[in-house]
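Listing of upload_33.txt, compact mmCIF, C-alpha atoms
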# COMPACT_ATOMS: atom_id res chain seq x y z
CA VAL A 1 -30.52 8.80 -4.59
CA ALA A 2 -32.74 7.40 -1.80
CA GLY A 3 -30.67 9.38 0.69
CA PHE A 4 -27.26 8.17 -0.59
CA ILE A 5 -24.52 10.07 -2.39
CA ILE A 6 -23.68 8.37 -5.72
CA ASP A 7 -20.39 8.76 -7.58
CA LEU A 8 -21.96 8.83 -11.06
CA VAL A 9 -25.50 8.68 -12.44
CA GLN A 10 -26.04 7.81 -16.11
CA GLY A 11 -29.78 7.84 -16.77
CA SER A 12 -31.17 5.14 -14.50
CA LEU A 13 -27.75 3.51 -13.98
CA LEU A 14 -25.88 4.18 -10.73
CA ILE A 15 -22.07 3.79 -10.77
CA GLU A 16 -19.90 3.54 -7.68
CA VAL A 17 -16.08 3.51 -7.69
CA GLN A 18 -14.69 1.81 -4.61
CA THR A 19 -10.99 1.87 -3.82
CA ALA A 20 -11.42 0.94 -0.14
CA SER A 21 -13.06 -1.95 1.70
CA PHE A 22 -16.36 -3.27 0.34
CA ALA A 23 -17.65 -3.46 3.92
CA SER A 24 -17.94 0.33 4.00
CA ILE A 25 -20.27 0.36 0.98
CA LYS A 26 -22.34 -2.71 1.84
CA ARG A 27 -25.30 -0.87 3.40
CA LYS A 28 -25.59 1.48 0.43
CA LEU A 29 -25.53 -1.32 -2.15
CA LEU A 30 -28.02 -3.53 -0.33
CA ALA A 31 -30.41 -0.57 -0.04
CA LEU A 32 -30.15 0.57 -3.67
CA VAL A 33 -29.70 -2.59 -5.77
CA PRO A 34 -33.28 -3.91 -5.35
CA ASN A 35 -34.65 -0.82 -7.13
CA HIS A 36 -31.77 0.50 -9.25
CA PRO A 37 -29.32 -1.00 -11.78
CA MET A 38 -25.84 -0.53 -10.33
CA VAL A 39 -22.23 -1.04 -11.40
CA LEU A 40 -19.51 -1.20 -8.78
CA VAL A 41 -16.07 -0.36 -10.19
CA TYR A 42 -13.17 -1.85 -8.24
CA PRO A 43 -9.64 -0.92 -9.38
CA ILE A 44 -6.82 -3.37 -8.69
CA ALA A 45 -3.25 -2.19 -9.32
CA GLN A 46 -1.67 -4.77 -11.61
CA GLU A 47 1.35 -2.50 -11.92
CA LYS A 48 2.27 0.08 -9.28
CA TRP A 49 4.93 2.76 -8.99
CA VAL A 50 5.78 4.12 -5.54
CA VAL A 51 6.68 7.83 -5.44
CA LYS A 52 8.01 9.40 -2.24
CA ARG A 53 7.74 13.11 -1.61
CA PRO A 54 11.16 14.53 -0.71
CA LEU A 55 11.82 15.64 2.85
CA GLU A 56 13.30 18.88 1.52
CA LYS A 57 11.56 21.28 -0.88
CA ALA A 58 14.33 21.07 -3.46
CA GLY A 59 14.76 17.31 -3.13
CA LYS A 60 14.16 14.67 -5.78
CA TYR A 61 11.06 12.50 -6.06
CA PRO A 62 12.36 8.91 -5.93
CA ARG A 63 10.15 6.57 -8.00
CA ARG A 64 10.39 2.78 -8.00
CA LYS A 65 8.25 -0.04 -9.34
CA SER A 66 6.55 -2.15 -6.69
CA PRO A 67 7.19 -5.91 -6.92
CA LYS A 68 3.57 -6.54 -5.94
CA ARG A 69 1.22 -7.25 -8.85
CA GLY A 70 -2.53 -7.28 -8.42
CA ALA A 71 -4.77 -9.85 -10.14
CA LEU A 72 -8.46 -10.62 -10.65
CA LEU A 73 -8.30 -13.10 -7.77
CA ASP A 74 -7.80 -10.17 -5.40
CA LEU A 75 -11.50 -9.39 -5.64
CA PHE A 76 -12.24 -12.26 -3.22
CA GLU A 77 -10.52 -10.26 -0.46
CA GLU A 78 -13.48 -7.84 -0.63
CA LEU A 79 -16.29 -9.90 -2.15
CA VAL A 80 -16.71 -11.70 1.19
CA SER A 81 -18.72 -8.65 2.30
CA PHE A 82 -21.61 -9.49 -0.08
CA PRO A 83 -20.89 -12.52 -2.31
CA ASN A 84 -24.55 -13.16 -3.12
CA LEU A 85 -24.98 -9.69 -4.60
CA ILE A 86 -22.96 -10.68 -7.69
CA ASP A 87 -25.93 -12.77 -8.85
CA HIS A 88 -28.54 -10.02 -8.47
CA PRO A 89 -29.97 -8.97 -11.88
CA ASN A 90 -29.49 -5.27 -11.04
CA PHE A 91 -25.85 -5.57 -10.01
CA SER A 92 -22.56 -5.81 -11.92
CA LEU A 93 -18.98 -5.61 -10.71
CA ASP A 94 -16.31 -4.14 -12.98
CA VAL A 95 -12.79 -5.07 -11.90
CA ALA A 96 -10.37 -2.63 -13.50
CA LEU A 97 -6.76 -3.80 -13.66
CA THR A 98 -4.70 -0.63 -13.63
CA GLU A 99 -1.27 0.90 -13.66
CA GLU A 100 -1.03 3.51 -10.93
CA GLU A 101 1.29 5.67 -8.88
CA GLU A 102 1.13 5.51 -5.09
CA TRP A 103 2.36 8.78 -3.59
CA ARG A 104 3.76 8.65 -0.08
CA ARG A 105 4.86 11.29 2.42
CA TRP A 106 7.05 11.09 5.49
CA SER A 107 5.04 10.97 8.75
CA PRO A 108 6.81 8.86 11.42
CA LYS A 109 3.90 8.94 13.89
CA GLN A 110 1.33 7.74 11.32
CA GLY A 111 3.47 5.58 9.06
CA TRP A 112 4.95 3.05 11.45
CA ARG A 113 3.73 0.21 9.22
CA ARG A 114 5.72 1.51 6.24
CA LYS A 115 8.83 2.66 8.13
CA GLY A 116 7.51 6.19 8.56
CA TRP A 117 5.83 6.64 5.17
CA VAL A 118 2.07 7.03 4.71
CA ILE A 119 0.03 6.78 1.51
CA GLU A 120 -1.06 10.26 0.47
CA GLU A 121 -2.88 9.50 -2.77
CA ARG A 122 -3.16 7.10 -5.69
CA ARG A 123 -2.89 8.35 -9.26
CA LEU A 124 -4.31 6.38 -12.18
CA LEU A 125 -1.85 6.11 -15.08
CA ARG A 126 -3.81 3.77 -17.35
CA ILE A 127 -6.44 1.04 -17.39
CA ILE A 128 -4.96 -2.25 -18.57
CA GLU A 129 -8.14 -4.31 -18.67
CA ILE A 130 -11.70 -4.31 -17.36
CA GLN A 131 -13.44 -7.56 -16.46
CA ARG A 132 -17.18 -7.46 -15.79
CA PHE A 133 -18.86 -9.90 -13.40
CA SER A 134 -22.65 -9.93 -13.72
CA SER A 135 -23.49 -13.39 -12.42
CA ARG A 136 -22.03 -16.29 -10.51
CA LEU A 137 -21.16 -18.00 -13.79
CA ASP A 138 -18.75 -15.14 -14.54
CA ILE A 139 -16.90 -15.97 -11.31
CA ALA A 140 -16.55 -19.70 -12.07
CA PRO A 141 -13.55 -19.38 -14.46
CA LEU A 142 -11.50 -18.05 -11.53
CA ILE A 143 -11.61 -21.50 -9.90
CA PRO A 144 -8.25 -23.13 -10.73
CA ALA A 145 -8.58 -25.94 -13.26
CA THR A 146 -5.73 -27.78 -11.52
CA LEU A 147 -7.81 -28.55 -8.42
CA PRO A 148 -8.63 -32.22 -7.81
CA GLU A 149 -12.26 -33.34 -7.90
CA ARG A 150 -12.38 -33.03 -4.12
CA PHE A 151 -10.23 -30.40 -2.45
CA THR A 152 -9.59 -28.56 0.82
CA THR A 153 -8.86 -24.87 1.33
CA GLU A 154 -5.20 -25.85 1.72
CA GLU A 155 -5.24 -27.28 -1.81
CA LEU A 156 -7.11 -24.20 -3.01
CA ALA A 157 -4.36 -22.06 -1.47
CA GLN A 158 -1.71 -24.08 -3.28
CA ALA A 159 -3.56 -23.91 -6.61
CA THR A 160 -3.95 -20.11 -6.39
CA HIS A 161 -0.47 -19.55 -4.89
CA ARG A 162 -2.11 -17.66 -2.05
CA SER A 163 -2.37 -17.97 1.72
CA ARG A 164 -4.73 -20.34 3.53
CA ARG A 165 -6.51 -17.25 4.87
CA PHE A 166 -7.19 -16.06 1.33
CA ALA A 167 -8.36 -19.54 0.29
CA ARG A 168 -10.92 -19.55 3.11
CA LYS A 169 -12.32 -16.22 1.87
CA MET A 170 -12.46 -17.51 -1.69
CA ALA A 171 -14.17 -20.74 -0.60
CA TYR A 172 -16.70 -18.72 1.41
CA CYS A 173 -17.62 -16.68 -1.68
CA LEU A 174 -17.77 -19.72 -3.96
CA ARG A 175 -20.04 -21.57 -1.52
CA HIS A 176 -22.47 -18.64 -1.33
CA LEU A 177 -22.49 -18.44 -5.12
CA MET A 178 -23.25 -22.16 -5.35
CA LEU A 179 -20.10 -22.81 -7.36
CA ILE A 180 -18.61 -25.26 -4.85
CA THR A 181 -20.28 -27.40 -2.22
CA PRO A 182 -18.97 -29.26 0.86
CA VAL A 183 -18.98 -33.05 0.46
CA GLY A 184 -17.36 -34.29 3.65
CA LYS A 185 -14.14 -34.01 5.60
CA ARG A 186 -10.53 -35.06 5.37
CA GLY A 187 -9.40 -35.11 8.98
CA ASN A 188 -10.56 -31.76 10.36
CA ALA A 189 -10.60 -30.05 6.97
CA LEU A 190 -13.76 -29.60 4.92
CA LEU A 191 -13.75 -31.20 1.49
CA TYR A 192 -15.30 -29.31 -1.42
CA THR A 193 -16.23 -30.13 -4.99
CA ARG A 194 -17.58 -28.09 -7.89
CA ASP A 195 -21.31 -27.66 -7.41
CA PRO A 196 -23.44 -29.60 -9.94
CA ARG A 197 -25.52 -26.45 -10.38
CA ALA A 198 -22.48 -24.86 -12.03
CA GLU A 199 -22.05 -27.62 -14.62
CA SER A 200 -23.09 -25.26 -17.38
CA VAL A 201 -19.93 -23.24 -16.79
CA PRO A 202 -17.36 -23.94 -19.52
Kindly present the structure from the file in structure tokens form.
Amino acid sequence: VAGFIIDLVQGSLLIEVQTASFASIKRKLLALVPNHPMVLVYPIAQEKWVVKRPLEKAGKYPRRKSPKRGALLDLFEELVSFPNLIDHPNFSLDVALTEEEEWRRWSPKQGWRRKGWVIEERRLLRIIEIQRFSSRLDIAPLIPATLPERFTTEELAQATHRSRRFARKMAYCLRHLMLITPVGKRGNALLYTRDPRAESVP
């Protein structure tokens, strides 16, 4: 379609499934969305099992449950690539919370980050839930209700139980979606408040 390979075409609807960085798909989306309705499907592993291929042919396949649990908030890690796109009438983002297996193989030269193991593939076991985001108002409920009227990214990090780095990404997206707005400073830190233009959000 318009020179791009599309994962799935249903009538006039274009569907893309993205398991990697949103940055790698940004050019395609920005080129196609103005003229085509599109759904971007982004799977997040809420539950994950790690399976390691044995070093010997007759060996066992050890399988353990990862302590890491994905959540809807994780979408802000990637949404920084094109936050404004979420409010385009032709664009929707489906976040699929999944249970999956992550298969790994032993490769000491490649897998130094995981003590010699590299990710070989991801296998979908089941879809737990799908949450669709079609406008900025769909994003608003992800802002923690426990935040004070005026808050910094440090307080946003505390409210989401995430890092300050993550909170900066989230604040960047929320600002571009006109859900929060800067209202001053506290020391060197920017102060934000919920944007009045989002008052219609329950």
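You will find atom CA of Leu55 of chain A at 8.2 Å from atom CA of Arg105 of chain A.
We find atom CA of Val118 of chain A and atom CA of Pro54 of chain A to be spaced 13.0 Å apart.
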Excluding segment 160-163 of chain A and its own-chain neighbours fewer than 6 positions away, which residues fall within 9 Å of it when counting all atoms listed in the file? Please give them as a PDB file with C-alpha atoms, keeping the file's coordinate frame.
ATOM      1  CA  LEU A  73      -8.300 -13.100  -7.770  1.00  0.00           C
ATOM      2  CA  ILE A 143     -11.610 -21.500  -9.900  1.00  0.00           C
ATOM      3  CA  PRO A 144      -8.250 -23.130 -10.730  1.00  0.00           C
ATOM      4  CA  GLU A 154      -5.200 -25.850   1.720  1.00  0.00           C
TER       5      GLU A 154
END
Report task. Name the residues in contact with segment 90-98 of chain A at a cut-off of 8 Å, using only C-alpha atoms, excluding same-chain residues fewer than 6 positions from it; report them as a VMD selection string. Result -> chain A and resid 33 to 47 70 to 72 75 124 to 135
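Here the question is which of A:Ala31, A:Glu101, A:Trp117, A:Arg164 gets nearest to Ala2 of chain A using all atoms listed in the file, and that residue is A:Ala31.
Proximity to Arg136 of chain A was assessed for A:Arg168, A:His176, A:Arg194, A:Arg150 counting all atoms listed in the file; the smallest distance is recorded for A:His176.
Counting from atom CA of Tyr192 of chain A, the distance to atom CA of Phe22 of chain A is 26.1 Å.
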Query raised in the report: Nearest to Ala157 of chain A: which of A:Leu137, A:Ala171, A:Leu142, A:Leu79 is it, counting only C-alpha atoms?
Result: A:Ala171
**Report entry** Counting all atoms listed in the file, the option among A:Arg122, A:Leu191, A:Ile180, A:Asn84 closest to Thr153 of chain A
**Finding:** A:Leu191
Query raised in the report: Quick one: of A:Ala159, A:Ile15, A:Ile5, A:Val51, who's nearest to Trp106 of chain A, counting all atoms listed in the file?
Result: A:Val51
